[in-house]
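So the structure is just underneath, and the comments pick up after that.
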Amino acid sequence: MSVVPTIGSAAPAQRQFLAELLQAGLLIDGGAPGLYGRGPGFERVRLAVDGLVDRIAAADLAEPLRFPPVMPRRHLETSGYPATFPHLTATIFAFEGDEADAAEQSRCVSCGEDWSAYQRMTDLVLTPAGCYPVYPAIAQREPLPRDGIVVDAGGTYVFRREPSQDPARMQMFHQRELVRLGPPSAVAGWRRTWLDRAIDLLTRLQLEPVADVASDPFFGRQGRILASGQREQALKFEVSVSIGGEQPTAVASFNYHRDHFSGRFGIRSQDGGTVHTACLGFGLERITLALLYRHGLDTSGWDDPLRALLMLA
Amino acid sequence: MNDQIRRIVLEHVRLAIPAEQLHDDTDLYACGLTSHASVTLMLAIEDQLDLEFPDHLLKREVFSSVASIAAAASGLQAVAAP
């Protein structure tokens with residue numbers, strides 16, 4: 001059976017902001033809550049933010065790799081994601097059947113009936129975070145050089161089944177991810193450096209960022225233990241800014257996985273040393289929304305230093 | 001209680017030390033207990049001792065040693081007893 005999703009609640013200011021964004025053509029109603037087209041004004045700012053991250057990331061000499069927003073289901077299974085985030089696991093179903101099934105599917109569609117019986121789970125899932133395809137890709141290679149590597153996974157679309165009236169909670173959005181794989185001390189230091197860089201970046205964008213220890217939205221009672229462990233060990237930091245909510249909204253996260261991914265995917269080092277991983281993600285739409293919320297929907301009215309920083313002509 | 005917990009730990013967790021070196025105060029996380037394995041351990045204890053840890057005990061530190069788990073579990077059994 002198809003499921004009518006629960007729509008997440010939103011503060012009045014968030015709903016108002018969404019209405020203004022749609023009215024101004026910055027976002028385009030995509031026909032479902034949390035699903036939007038992006039107008040030219042929005043994309044210009046989003047790409048400008050992405051470019052700003054590019055310029056900061058240049059110092060890392062990161063290897064640019066790009067992946068589609070869909071990945072093999074077995075890779076997500078290996079990562080352990082379905083166990084810890086069952087509520088966010090989204091597999092892809094597709095038609096499987098003969099001509100009679102196709103005819104029956106078509107009849108159900110035209111009659112407005114449930115046609116899920118003709119759709120089967122495929123070997124693909126929607127990518128839940130931009131770094132997930134990176135680990136199996138690196139695991140296929142020769143063992144890592146002793147100092148490890150940095151991968152720039154770009155600004156890739158990711159999917160989260162969290163329909164909401166809050167414009168900052170989209171079901172599909174661009175996560176600008178970088179991943180560090182290497183010796184534990186180098187990986188931990190890299191994450192710290194990037195936390196500082198992100199605070200600096202968001203401060204220069206005049207967004208008054210706040211950084212704090214955070215935890216992932218793990219599922220259920222077992223998730224409480226995982227979240228407590230994550231906080232206790234400070235494995236996740238988030239940087240938040242105001243986008244109209246009662247609380248600031250997280251726009252960037254900095255995650256230290258220790259040997260979780262390297263162990264599960266078998267990522268090794270040439271010198272036989274322990275390999276840890278960390279990733280960071282900038283929510284490009286959220287930073288764009290924060291800029292529009294803070295500085296106004298008309299970018300031509302933004303002050304010169306801000307426009308210069310973003311290289312907006 | 002400690003013996004029961006020790007048995008469940010040895011049954012469900014792959015530790016980096018031999019069984020005879022698992023003492024009541026041994027730091028399980030230092031011996032290879034991962035966050036994910038602590039969840040498996042929590043579920044096994046609930047199942048075998050027929051109890052349910054309330055939310056405030058679902059914390060990493062509670063599952064850090066046999067003694068700590070036993071203390072939390074005995075508290076629950078005491079509450080449940082008539």
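Convention: chains lettered A, B, ... in structure tokens order; per-chain residue numbering from 1; ligands numbered from 1 as shown.
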
With a cut-off of 10 Å and counting only C-alpha atoms, select all residues of chain B in contact with chain A and give the selection as an MDAnalysis selection string. chainID B and resid 34:36 38:40 42:43 53:63

Env of Ile28 (chain A): 6 Å cut, atoms = only C-alpha atoms, seq-sep filter 3 positions within chain, self excluded. Answer as a list in words. Leu22, Tyr36, Gly37 and Arg38 of chain A

Do you know which residues are at most 9 Å from Leu284 (chain A) counting only C-alpha atoms, after dropping those on the same chain fewer than 3 positions away, and could you put them as a list in words? Arg46, Leu47, Val49, Asp50, Gly155, Phe173, His174, Gln175, Arg176, Val251, Ala252, Gly281, Ile287, Thr288 and Leu289 of chain A

Residues within 8 Å of Gly154 (chain A), please, as a list in words. Count only C-alpha atoms; anything in the same chain fewer than 2 positions from it doesn't count. Pro64, Leu65, Arg66, Asp152, Thr156, Gln175, Arg176, Glu177 and Leu178 of chain A

Output the selection as a PDB file, in the first residue's frame - C-alpha atoms for each residue.
ATOM      1  CA  PRO A  64      37.241  15.341  -6.713  1.00  0.00           C
ATOM      2  CA  LEU A  65      34.947  12.329  -7.130  1.00  0.00           C
ATOM      3  CA  ARG A  66      31.286  12.497  -8.140  1.00  0.00           C
ATOM      4  CA  ASP A 152      35.774  15.978  -2.382  1.00  0.00           C
ATOM      5  CA  THR A 156      25.431  15.864  -4.530  1.00  0.00           C
ATOM      6  CA  GLN A 175      24.973  18.111   0.516  1.00  0.00           C
ATOM      7  CA  ARG A 176      28.472  19.409  -0.146  1.00  0.00           C
ATOM      8  CA  GLU A 177      30.651  16.675   1.326  1.00  0.00           C
ATOM      9  CA  LEU A 178      34.336  16.177   1.906  1.00  0.00           C
TER      10      LEU A 178
END

I need the residue nearest Gln140 (chain A) from this list: A:Gly283, A:Gly296, A:Pro5, A:Gly266. Use only C-alpha atoms for the distance.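 Checking each of A:Gly283, A:Gly296, A:Pro5, A:Gly266 against Gln140 (chain A), counting only C-alpha atoms, the winner is A:Gly266.
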
Which residues, written as a PyMOL selection string, have at least one atom at most 7 Å from region 180-185 of chain A, with only C-alpha atoms counted and residues fewer than 5 positions away on the same chain left out? chain A and resi 147-151+274-279

Preceding selection exported with N, CA and C atoms as a PDB file, in the first residue's frame:
ATOM      1  N   ASP A 147      49.690   8.718   4.747  1.00  0.00           N
ATOM      2  CA  ASP A 147      49.020   9.899   5.301  1.00  0.00           C
ATOM      3  C   ASP A 147      47.530   9.973   4.942  1.00  0.00           C
ATOM      4  N   GLY A 148      47.085   9.026   4.161  1.00  0.00           N
ATOM      5  CA  GLY A 148      45.671   9.010   3.798  1.00  0.00           C
ATOM      6  C   GLY A 148      45.342   9.983   2.682  1.00  0.00           C
ATOM      7  N   ILE A 149      44.060  10.192   2.454  1.00  0.00           N
ATOM      8  CA  ILE A 149      43.605  11.046   1.350  1.00  0.00           C
ATOM      9  C   ILE A 149      42.399  11.884   1.795  1.00  0.00           C
ATOM     10  N   VAL A 150      42.131  12.920   0.987  1.00  0.00           N
ATOM     11  CA  VAL A 150      40.892  13.691   1.150  1.00  0.00           C
ATOM     12  C   VAL A 150      40.110  13.554  -0.152  1.00  0.00           C
ATOM     13  N   VAL A 151      38.841  13.223  -0.043  1.00  0.00           N
ATOM     14  CA  VAL A 151      37.975  13.129  -1.215  1.00  0.00           C
ATOM     15  C   VAL A 151      36.949  14.261  -1.142  1.00  0.00           C
ATOM     16  N   THR A 274      46.058   1.666  11.419  1.00  0.00           N
ATOM     17  CA  THR A 274      44.613   1.837  11.528  1.00  0.00           C
ATOM     18  C   THR A 274      44.142   2.979  10.610  1.00  0.00           C
ATOM     19  N   VAL A 275      43.035   2.750   9.913  1.00  0.00           N
ATOM     20  CA  VAL A 275      42.439   3.805   9.086  1.00  0.00           C
ATOM     21  C   VAL A 275      41.146   4.275   9.739  1.00  0.00           C
ATOM     22  N   HIS A 276      41.069   5.561  10.001  1.00  0.00           N
ATOM     23  CA  HIS A 276      39.831   6.166  10.461  1.00  0.00           C
ATOM     24  C   HIS A 276      39.264   7.038   9.348  1.00  0.00           C
ATOM     25  N   THR A 277      37.980   7.403   9.495  1.00  0.00           N
ATOM     26  CA  THR A 277      37.395   8.328   8.519  1.00  0.00           C
ATOM     27  C   THR A 277      36.606   9.413   9.244  1.00  0.00           C
ATOM     28  N   ALA A 278      36.489  10.539   8.564  1.00  0.00           N
ATOM     29  CA  ALA A 278      35.630  11.628   9.018  1.00  0.00           C
ATOM     30  C   ALA A 278      35.029  12.260   7.771  1.00  0.00           C
ATOM     31  N   CYS A 279      33.869  12.863   7.923  1.00  0.00           N
ATOM     32  CA  CYS A 279      33.302  13.585   6.789  1.00  0.00           C
ATOM     33  C   CYS A 279      32.729  14.900   7.293  1.00  0.00           C
TER      34      CYS A 279
END

Can you list, as a PyMOL selection string, every protein, DNA or RNA residue that comes within 6 Å of region 14-29 of chain B when you count only C-alpha atoms, leaving out same-chain residues fewer than 6 positions away? chain B and resi 64-67

Write out, as a PDB file, in the first residue's frame, the residues just selected, with N, CA and C atoms.
ATOM      1  N   SER B  64      29.121   0.212  30.039  1.00  0.00           N
ATOM      2  CA  SER B  64      30.586   0.259  29.972  1.00  0.00           C
ATOM      3  C   SER B  64      31.270  -0.844  30.777  1.00  0.00           C
ATOM      4  N   SER B  65      30.555  -1.502  31.706  1.00  0.00           N
ATOM      5  CA  SER B  65      31.163  -2.616  32.443  1.00  0.00           C
ATOM      6  C   SER B  65      30.075  -3.551  32.964  1.00  0.00           C
ATOM      7  N   VAL B  66      30.483  -4.758  33.344  1.00  0.00           N
ATOM      8  CA  VAL B  66      29.553  -5.734  33.899  1.00  0.00           C
ATOM      9  C   VAL B  66      28.901  -5.147  35.161  1.00  0.00           C
ATOM     10  N   ALA B  67      29.717  -4.497  36.009  1.00  0.00           N
ATOM     11  CA  ALA B  67      29.194  -3.945  37.263  1.00  0.00           C
ATOM     12  C   ALA B  67      28.163  -2.852  37.002  1.00  0.00           C
TER      13      ALA B  67
END

Secondary structure check, helix (DSSP H, G or I) residues of region 190-226 of chain A, as a list in words: Trp190, Arg191, Arg192, Thr193, Trp194, Leu195, Asp196, Arg197, Ala198, Ile199, Asp200, Leu201, Leu202, Thr203, Arg204, Gly220, Arg221, Gln222, Gly223, Arg224, Ile225 and Leu226 of chain A

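For the pair CA of Ser240 (chain A) and CA of Val210 (chain A), the separation is 5.2 Å.
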
Which of A:Ala100, A:Val134, A:Leu306, A:Leu52 sits closest to Ala198 (chain A) [using only C-alpha atoms]: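 So, comparing all the options, the nearest one is A:Leu52.
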
With only C-alpha atoms as the basis for distance, which of A:Ala103, A:Leu310, A:Val187, A:Leu195 is at the shortest distance from Gly51 (chain A)? A:Leu310

Please provide the set of residues having any atom within 10 Å of Glu96 (chain A), restricted to only C-alpha atoms, with same-chain residues fewer than 6 positions apart removed, written as a list in words.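 Here the qualifying residues turn out to be Ala102, Ala117, Tyr118, Gln119, Arg120, Met121 and Thr122 of chain A.
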
Can those selected residues be exported to a file as a compact mmCIF listing (two decimals), in the first residue's frame so that it contains N, CA and C atoms?
# COMPACT_ATOMS: atom_id res chain seq x y z
N ALA A 102 1.81 -5.71 -16.54
CA ALA A 102 1.90 -4.31 -16.99
C ALA A 102 0.51 -3.75 -17.27
N ALA A 117 1.69 -3.65 -5.96
CA ALA A 117 1.92 -5.09 -6.13
C ALA A 117 2.79 -5.38 -7.35
N TYR A 118 2.86 -4.43 -8.30
CA TYR A 118 3.62 -4.67 -9.55
C TYR A 118 5.01 -4.06 -9.50
N GLN A 119 5.34 -3.49 -8.33
CA GLN A 119 6.65 -2.85 -8.16
C GLN A 119 7.46 -3.70 -7.18
N ARG A 120 8.70 -4.02 -7.55
CA ARG A 120 9.57 -4.84 -6.69
C ARG A 120 10.77 -4.04 -6.23
N MET A 121 11.24 -4.36 -5.02
CA MET A 121 12.45 -3.72 -4.53
C MET A 121 13.62 -4.05 -5.45
N THR A 122 14.35 -3.01 -5.86
CA THR A 122 15.50 -3.22 -6.75
C THR A 122 16.78 -3.31 -5.92

Step one, run DSSP on the backbone; step two, keep only residues of region 30-267 of chain A assigned to strand (DSSP E or B); then write them as an NGL selection string. :A and (30-32 or 35-38 or 63-64 or 70-72 or 91-95 or 119-126 or 144 or 149-159 or 164 or 172-182 or 210-213 or 236-241 or 249-258)
